[in-house]
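The block underneath contains the structure these notes are about, expressed in structure tokens.
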Amino acid sequence: MCGIVAYVGDLVAGPILFDTLKRLEYRGYDSAGVALKSEGAIVVLKSAGRIADLEKVYQSRGCPGEGMGIGHTRWATHGRPSDRNAHPHTSGEIAIVHNGIIENYLDLRELLTEMGYVFSSETDSEVLAHLIHFYFKGDLYAAVCRALVHVEGSYAVAVLAASSPYLVCARKDSPLVLGKGKTAIYVASDVPALLPYTKDVIRMKDGEIARVFADRVEIMDREGQPRLAQVERITWDADAAEKGGYTHFMLKEIHEQPRAIRETIAGRISEIDGDVRLKLGMSDEEIKGLERVTIIACGTSYHAGMLAKNLFARVAGLPVDVEVASEFLNIQVRPRTLLLGITQSGETADTLLALKKAKTCGGRSLAITNVVGSTVTELVDGTIYTRCGPEIGVAATKTFTSQLVAIILLAIRLGRARAHLTPDQARKMLIELTKLPGLVQRVLEKREEIRKIAERYAGASCYFFIGRDYLYPISLEGALKMKEIAYIPSEGYAGGELKHGPLALITEKTPVVALATCGKKIQSNIKEVRARGAEVIALATEGDPDIAKVASHVIELPQTQPIYSAVLCTVAVQLLSYYTANKLGLPIDKPRNLAKCVTVE
Ligand code: AGP
């Protein structure tokens, strides 16, 4: 996730900017940069790679700059990690740093190019620098206000102009915090960066734009009216602050899912056309000609692939094979097959090897990944980035739900190109998709209820997760989460398969999580396990009249279409395993024997 910092005060800005940028390192980054006001001009230093290396360059240049500057750590979303794509971006005497996604950047880029602006990066952010420059006639605040009117998407932005006595900051759907020091104002994406300097912070609200001077901040709301800034005293320590006040990164990342899903969707859907915009590197004719899809993935990403199996068949009329990458041995990929690699890191050795092998059979290939410029992107014809920021906890959470959303977007695109889905059907799916972040938020609000249930069964020696259809892969994912962070042997099973063997394992000591938000058939499976004495924790749709009669505990989830219900159930099972592991006092973010990215076969 990108990080922004800025400083206006009585000290030289450079060392403070580098220090605060390092304090945002935990968010993950691939490049960094600063812009400093110096003798009536702006000095920019930026590069791909480590902040510490850039700081050495700064020092070797004699630490230029005065008491005003902006800085950035970049986590690539548009354009690969490189010196050119690193922020700040400049236009004349304007320099900007930006966090977020400018959804209409292609339109703006075209317009600005026609006006004579020359672009030096592939980023969405650079349009902002030129737009502000276009409007700048000596009043930086006015220029930023006018420029932002044209911007669709999310942003936290800090803007510097060589001739302006103040900085301008603005935010919409991306965090930005101001810190009040005695003789300086600090700006950052997150509180931890500010803590060594001040514990008095002002959180900017959506739509606000601020003029930042060394001795004061003037915040204007959406209507341009001044807002009396409320100063909040931070009482957390730096470690807790890095986790945003959450006890673990995993819990933080679970809570980031509404935002992560919004980012995955951003700029990609058109409700009017009933279609999805994705750069797949394939024409509609080619998509029409497809006969199959072969999905290759590991672990949690494999579960995402399993969800795609039923979805692609229904929405795009395409049969799907889902292969565990390490078991992709002598499989022959048939002609007219689309290969799809799913890997959040983009670096999983088994997935890369299997993809390479599969590609020798020809055919088009795509990847779904979270990491721009990762190895998988080099192997395939097109990439769908999930854009959910780096995930630090070893257990995949937000990257998984964003993969599910990317798969849904892809299914709709394939379905529309193949005329298997009408615009109206697609529109209905897309309208519901836009509601998904809000629905996920409502599941997160059930955390206390889920925590109590998790703690009650934390001593279990075995867990079962059962589901059907779209919820079967989620039952596998629930069991994987319980295994990897709570170390409880867990089985994920298709509800209908229980009676074919695993029922022998069910006793009164086996809690069974039934994913029961779609269809009634699962209720007969609940009865089967209840009859063997098992306690059943049912995830059910709000207002389900029957479920309480058969389950021991019911966690009610919002009503939605079955495919989105899979995302809601995922969030609930993530919380269940998190609170179980937490009760057991386990090292949740770094479970034993596991690595975040498995780069060996
Ligand atoms: C999930 O919680 C695990 N960390 C693991 O199963 C992971 O999904 C798997 O190693 C695949 O990783 P990838 O998505 O980066 O390829």
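In the structure tokens, each chain is lettered A, B, ... as it comes, each chain's residues begin at 1, and ligands are numbered from 1 in order of appearance.
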Contact check, segment 220-316 of chain A to segment 1-20 of chain A, at most 12 Å, counting only C-alpha atoms, closest pairs as CSV:
```
residue,atom,partner,partner_atom,distance
A:Glu253,CA,A:Met1,CA,11.9
A:Glu256,CA,A:Met1,CA,11.5
A:Arg259,CA,A:Met1,CA,11.7
A:Ala260,CA,A:Met1,CA,10.4
A:Glu263,CA,A:Met1,CA,11.2
```
Deliver the residues from the most recent selection as a file, using N, CA, C and O atoms, as a short mmCIF file (atom, residue, chain, number, x, y, z; two decimals), in the first residue's frame.
```
data_model
loop_
_atom_site.label_atom_id
_atom_site.label_comp_id
_atom_site.auth_asym_id
_atom_site.auth_seq_id
_atom_site.Cartn_x
_atom_site.Cartn_y
_atom_site.Cartn_z
N GLU A 253 -5.91 -6.93 8.52
CA GLU A 253 -6.15 -7.23 7.11
C GLU A 253 -7.57 -7.76 6.88
O GLU A 253 -8.19 -7.48 5.86
N GLU A 256 -9.59 -4.81 6.65
CA GLU A 256 -9.35 -3.97 5.46
C GLU A 256 -10.15 -4.45 4.25
O GLU A 256 -10.07 -3.85 3.18
N ARG A 259 -12.38 -2.13 2.01
CA ARG A 259 -11.60 -1.23 1.16
C ARG A 259 -10.90 -2.00 0.05
O ARG A 259 -10.86 -1.56 -1.11
N ALA A 260 -10.35 -3.17 0.40
CA ALA A 260 -9.64 -3.97 -0.61
C ALA A 260 -10.58 -4.33 -1.76
O ALA A 260 -10.22 -4.24 -2.93
N GLU A 263 -11.17 -1.42 -4.00
CA GLU A 263 -10.03 -1.17 -4.90
C GLU A 263 -10.03 -2.18 -6.06
O GLU A 263 -9.67 -1.85 -7.19
#
```
Per DSSP on the backbone, what are the helix (DSSP H, G or I) residues of segment 262-390 of chain A, as an NGL selection string? :A and (262-265 or 284-288 or 299-316 or 325-327 or 349-359 or 375-379)
What are the closest atom pairs, with distances in Å to one decimal, for each residue of chain A lying within 7 Å of ligand 1, using only C-alpha atoms and all ligand atoms, rows by chain and rising residue number, as a tab-separated table?
```
residue	atom	partner	partner_atom_place_in_ligand_line	distance
A:Ala297	CA	ligand 1	16 (O)	6.4
A:Cys298	CA	ligand 1	11 (C)	4.6
A:Gly299	CA	ligand 1	6 (O)	3.3
A:Thr300	CA	ligand 1	8 (O)	3.7
A:Ser301	CA	ligand 1	14 (O)	4.8
A:Ile342	CA	ligand 1	14 (O)	6.5
A:Thr343	CA	ligand 1	14 (O)	3.5
A:Gln344	CA	ligand 1	14 (O)	3.8
A:Ser345	CA	ligand 1	15 (O)	3.7
A:Gly346	CA	ligand 1	15 (O)	5.8
A:Glu347	CA	ligand 1	15 (O)	6.3
A:Thr348	CA	ligand 1	16 (O)	4.5
A:Thr351	CA	ligand 1	16 (O)	6.6
A:Val394	CA	ligand 1	4 (N)	5.2
A:Ala395	CA	ligand 1	2 (O)	3.4
A:Ala396	CA	ligand 1	2 (O)	3.8
A:Thr397	CA	ligand 1	2 (O)	7.0
A:Lys481	CA	ligand 1	2 (O)	6.3
A:Lys596	CA	ligand 1	4 (N)	5.5
A:Cys597	CA	ligand 1	15 (O)	5.5
A:Val598	CA	ligand 1	10 (O)	5.7
```
Resulting file, chosen residues, C-alpha atoms, as a short mmCIF file (atom, residue, chain, number, x, y, z; two decimals), in the first residue's frame:
```cif
data_model
loop_
_atom_site.label_atom_id
_atom_site.label_comp_id
_atom_site.auth_asym_id
_atom_site.auth_seq_id
_atom_site.Cartn_x
_atom_site.Cartn_y
_atom_site.Cartn_z
CA ALA A 297 -2.97 -22.38 -8.15
CA CYS A 298 -1.93 -23.46 -4.65
CA GLY A 299 -3.43 -23.23 -1.17
CA THR A 300 -5.90 -20.44 -0.66
CA SER A 301 -5.54 -19.33 -4.27
CA ILE A 342 -4.06 -17.44 -9.47
CA THR A 343 -1.37 -16.38 -7.03
CA GLN A 344 -1.50 -13.46 -4.62
CA SER A 345 2.31 -13.16 -4.44
CA GLY A 346 2.92 -13.91 -8.11
CA GLU A 347 6.02 -15.80 -7.02
CA THR A 348 4.83 -19.24 -5.87
CA THR A 351 2.32 -22.20 -9.74
CA VAL A 394 1.04 -15.25 6.57
CA ALA A 395 -2.58 -16.37 6.37
CA ALA A 396 -4.19 -15.01 3.22
CA THR A 397 -7.34 -12.99 4.02
CA LYS A 481 -7.38 -21.10 8.10
CA LYS A 596 4.19 -16.01 3.24
CA CYS A 597 5.56 -16.84 -0.15
CA VAL A 598 6.69 -20.34 -1.12
#
```
Where in segment 136-285 of chain A does DSSP assign strand (DSSP E or B), given as an MDAnalysis selection string? chainID A and resid 153 155:161 167:173 177:180 184:188 200:203 209:212 217:220 226:227 232:233 269:270 275:276
Find the residues around Glu323 of chain A up to 8 Å (only C-alpha atoms counted), leave out those fewer than 6 positions away in its own chain, and share them as an mmCIF file with all heavy atoms, in the first residue's frame.
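Output below, filename around.cif:
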```cif
data_model
loop_
_atom_site.group_PDB
_atom_site.id
_atom_site.type_symbol
_atom_site.label_atom_id
_atom_site.label_comp_id
_atom_site.auth_asym_id
_atom_site.auth_seq_id
_atom_site.Cartn_x
_atom_site.Cartn_y
_atom_site.Cartn_z
ATOM 1 N N THR A 294 -8.402 -23.656 -17.832
ATOM 2 C CA THR A 294 -7.628 -24.457 -16.866
ATOM 3 C C THR A 294 -7.027 -23.501 -15.853
ATOM 4 O O THR A 294 -6.294 -22.572 -16.215
ATOM 5 C CB THR A 294 -6.517 -25.252 -17.572
ATOM 6 O OG1 THR A 294 -7.148 -26.215 -18.406
ATOM 7 C CG2 THR A 294 -5.632 -25.983 -16.565
ATOM 8 N N ILE A 295 -7.367 -23.741 -14.593
ATOM 9 C CA ILE A 295 -6.874 -22.858 -13.524
ATOM 10 C C ILE A 295 -5.775 -23.581 -12.757
ATOM 11 O O ILE A 295 -5.906 -24.761 -12.436
ATOM 12 C CB ILE A 295 -8.025 -22.458 -12.579
ATOM 13 C CG1 ILE A 295 -9.071 -21.652 -13.355
ATOM 14 C CG2 ILE A 295 -7.505 -21.665 -11.379
ATOM 15 C CD1 ILE A 295 -10.280 -21.229 -12.554
ATOM 16 N N ILE A 296 -4.702 -22.856 -12.481
ATOM 17 C CA ILE A 296 -3.563 -23.430 -11.756
ATOM 18 C C ILE A 296 -3.283 -22.560 -10.540
ATOM 19 O O ILE A 296 -3.167 -21.330 -10.670
ATOM 20 C CB ILE A 296 -2.324 -23.475 -12.682
ATOM 21 C CG1 ILE A 296 -2.594 -24.455 -13.833
ATOM 22 C CG2 ILE A 296 -1.076 -23.865 -11.910
ATOM 23 C CD1 ILE A 296 -1.574 -24.422 -14.934
ATOM 24 N N ALA A 297 -3.195 -23.170 -9.370
ATOM 25 C CA ALA A 297 -2.968 -22.384 -8.150
ATOM 26 C C ALA A 297 -2.597 -23.314 -7.004
ATOM 27 O O ALA A 297 -2.666 -24.534 -7.131
ATOM 28 C CB ALA A 297 -4.224 -21.584 -7.806
ATOM 29 N N TYR A 302 -5.887 -21.695 -4.686
ATOM 30 C CA TYR A 302 -6.549 -22.849 -5.315
ATOM 31 C C TYR A 302 -8.046 -22.842 -4.937
ATOM 32 O O TYR A 302 -8.904 -23.139 -5.788
ATOM 33 C CB TYR A 302 -5.865 -24.138 -4.837
ATOM 34 C CG TYR A 302 -6.562 -25.402 -5.264
ATOM 35 C CD1 TYR A 302 -6.509 -25.843 -6.582
ATOM 36 C CD2 TYR A 302 -7.285 -26.160 -4.340
ATOM 37 C CE1 TYR A 302 -7.162 -27.008 -6.974
ATOM 38 C CE2 TYR A 302 -7.936 -27.321 -4.718
ATOM 39 C CZ TYR A 302 -7.875 -27.740 -6.036
ATOM 40 O OH TYR A 302 -8.521 -28.892 -6.423
#
```
Under the rule that only C-alpha atoms are counted, which of A:Val440, A:Gly181, A:Ser164, A:Tyr472 is the nearest residue to Lys309 of chain A?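 Of A:Val440, A:Gly181, A:Ser164, A:Tyr472, the one nearest Lys309 of chain A is A:Tyr472, counting only C-alpha atoms.
Put simply, atom CA of Phe464 of chain A is 11.3 Å away from atom CA of Ile526 of chain A.
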Please build the interface table for segment 163-256 of chain A against segment 75-94 of chain A with a cut-off of 12 Å, listing for each qualifying residue the nearest atom pair and the distance in Å to one decimal; count only C-alpha atoms, order rows by chain and increasing number, and write it as JSON lines.
```
{"residue": "A:Ser163", "atom": "CA", "partner": "A:Glu93", "partner_atom": "CA", "distance": 7.6}
{"residue": "A:Ser164", "atom": "CA", "partner": "A:Ile94", "partner_atom": "CA", "distance": 9.6}
{"residue": "A:Leu167", "atom": "CA", "partner": "A:Ile94", "partner_atom": "CA", "distance": 10.6}
{"residue": "A:Val168", "atom": "CA", "partner": "A:Ile94", "partner_atom": "CA", "distance": 11.1}
```
For the residues selected in the previous step, produce a file with N, CA, C and O atoms as a PDB file, in the first residue's frame.
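And here is the file that came out, selection11.pdb:
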```pdb
ATOM      1  N   SER A 163       6.457  28.096  -5.432  1.00  0.00           N
ATOM      2  CA  SER A 163       6.176  29.476  -5.022  1.00  0.00           C
ATOM      3  C   SER A 163       5.112  29.576  -3.939  1.00  0.00           C
ATOM      4  O   SER A 163       4.724  30.680  -3.564  1.00  0.00           O
ATOM      5  N   SER A 164       4.617  28.449  -3.437  1.00  0.00           N
ATOM      6  CA  SER A 164       3.521  28.523  -2.463  1.00  0.00           C
ATOM      7  C   SER A 164       4.061  28.486  -1.028  1.00  0.00           C
ATOM      8  O   SER A 164       4.919  27.649  -0.719  1.00  0.00           O
ATOM      9  N   LEU A 167       1.577  23.886   1.956  1.00  0.00           N
ATOM     10  CA  LEU A 167       1.306  22.631   1.228  1.00  0.00           C
ATOM     11  C   LEU A 167      -0.195  22.441   1.140  1.00  0.00           C
ATOM     12  O   LEU A 167      -0.929  22.968   1.978  1.00  0.00           O
ATOM     13  N   VAL A 168      -0.635  21.639   0.205  1.00  0.00           N
ATOM     14  CA  VAL A 168      -2.060  21.287   0.192  1.00  0.00           C
ATOM     15  C   VAL A 168      -2.198  19.767   0.302  1.00  0.00           C
ATOM     16  O   VAL A 168      -1.447  19.020  -0.349  1.00  0.00           O
TER      17      VAL A 168
END
```
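Here atom CA of Val536 of chain A stands at a distance of 14.3 Å from atom CA of Tyr493 of chain A.
Each of A:Glu208, A:Ala572, A:Arg364, A:Ile412 was checked against Leu278 of chain A using only C-alpha atoms; the smallest atom-to-atom distance is that of A:Ile412.
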All residues 6 Å or closer to Ala454 of chain A, only C-alpha atoms, same chain fewer than 4 positions away omitted, as a tab-separated table (two decimals) with all heavy atoms, in the first residue's frame:
```
chain	number	residue	atom	x	y	z
A	458	ALA	N	-12.51	-23.35	21.38
A	458	ALA	CA	-11.06	-23.28	21.10
A	458	ALA	C	-10.32	-24.54	21.54
A	458	ALA	O	-9.24	-24.83	21.04
A	458	ALA	CB	-10.46	-22.04	21.76
A	576	LEU	N	-13.53	-16.50	12.78
A	576	LEU	CA	-13.65	-17.67	13.68
A	576	LEU	C	-12.26	-18.27	13.96
A	576	LEU	O	-11.91	-18.54	15.11
A	576	LEU	CB	-14.57	-18.71	13.04
A	576	LEU	CG	-14.96	-19.87	13.96
A	576	LEU	CD1	-16.02	-19.43	14.97
A	576	LEU	CD2	-15.50	-21.05	13.15
A	579	TYR	N	-10.03	-15.73	16.09
A	579	TYR	CA	-10.30	-15.66	17.53
A	579	TYR	C	-9.99	-16.98	18.24
A	579	TYR	O	-9.67	-16.99	19.43
A	579	TYR	CB	-11.75	-15.21	17.79
A	579	TYR	CG	-11.92	-13.73	17.53
A	579	TYR	CD1	-12.78	-13.25	16.55
A	579	TYR	CD2	-11.19	-12.79	18.27
A	579	TYR	CE1	-12.92	-11.89	16.30
A	579	TYR	CE2	-11.32	-11.44	18.03
A	579	TYR	CZ	-12.18	-10.99	17.04
A	579	TYR	OH	-12.30	-9.64	16.80
A	580	THR	N	-10.07	-18.09	17.51
A	580	THR	CA	-9.68	-19.37	18.10
A	580	THR	C	-8.18	-19.34	18.39
A	580	THR	O	-7.74	-19.65	19.50
A	580	THR	CB	-10.01	-20.53	17.12
A	580	THR	OG1	-11.38	-20.45	16.77
A	580	THR	CG2	-9.72	-21.88	17.74
```
Nearest to Cys569 of chain A, restricted to only C-alpha atoms and choosing among A:Ile202, A:Ala313, A:Leu439, A:Val550, comes out as A:Leu439
Name the residues in contact with segment 264-266 of chain A at a cut-off of 8 Å, using only C-alpha atoms, excluding same-chain residues fewer than 4 positions from it; report them as a ChimeraX atom specification. /A:101,103,153,260,385-388,402,405-406,409,434
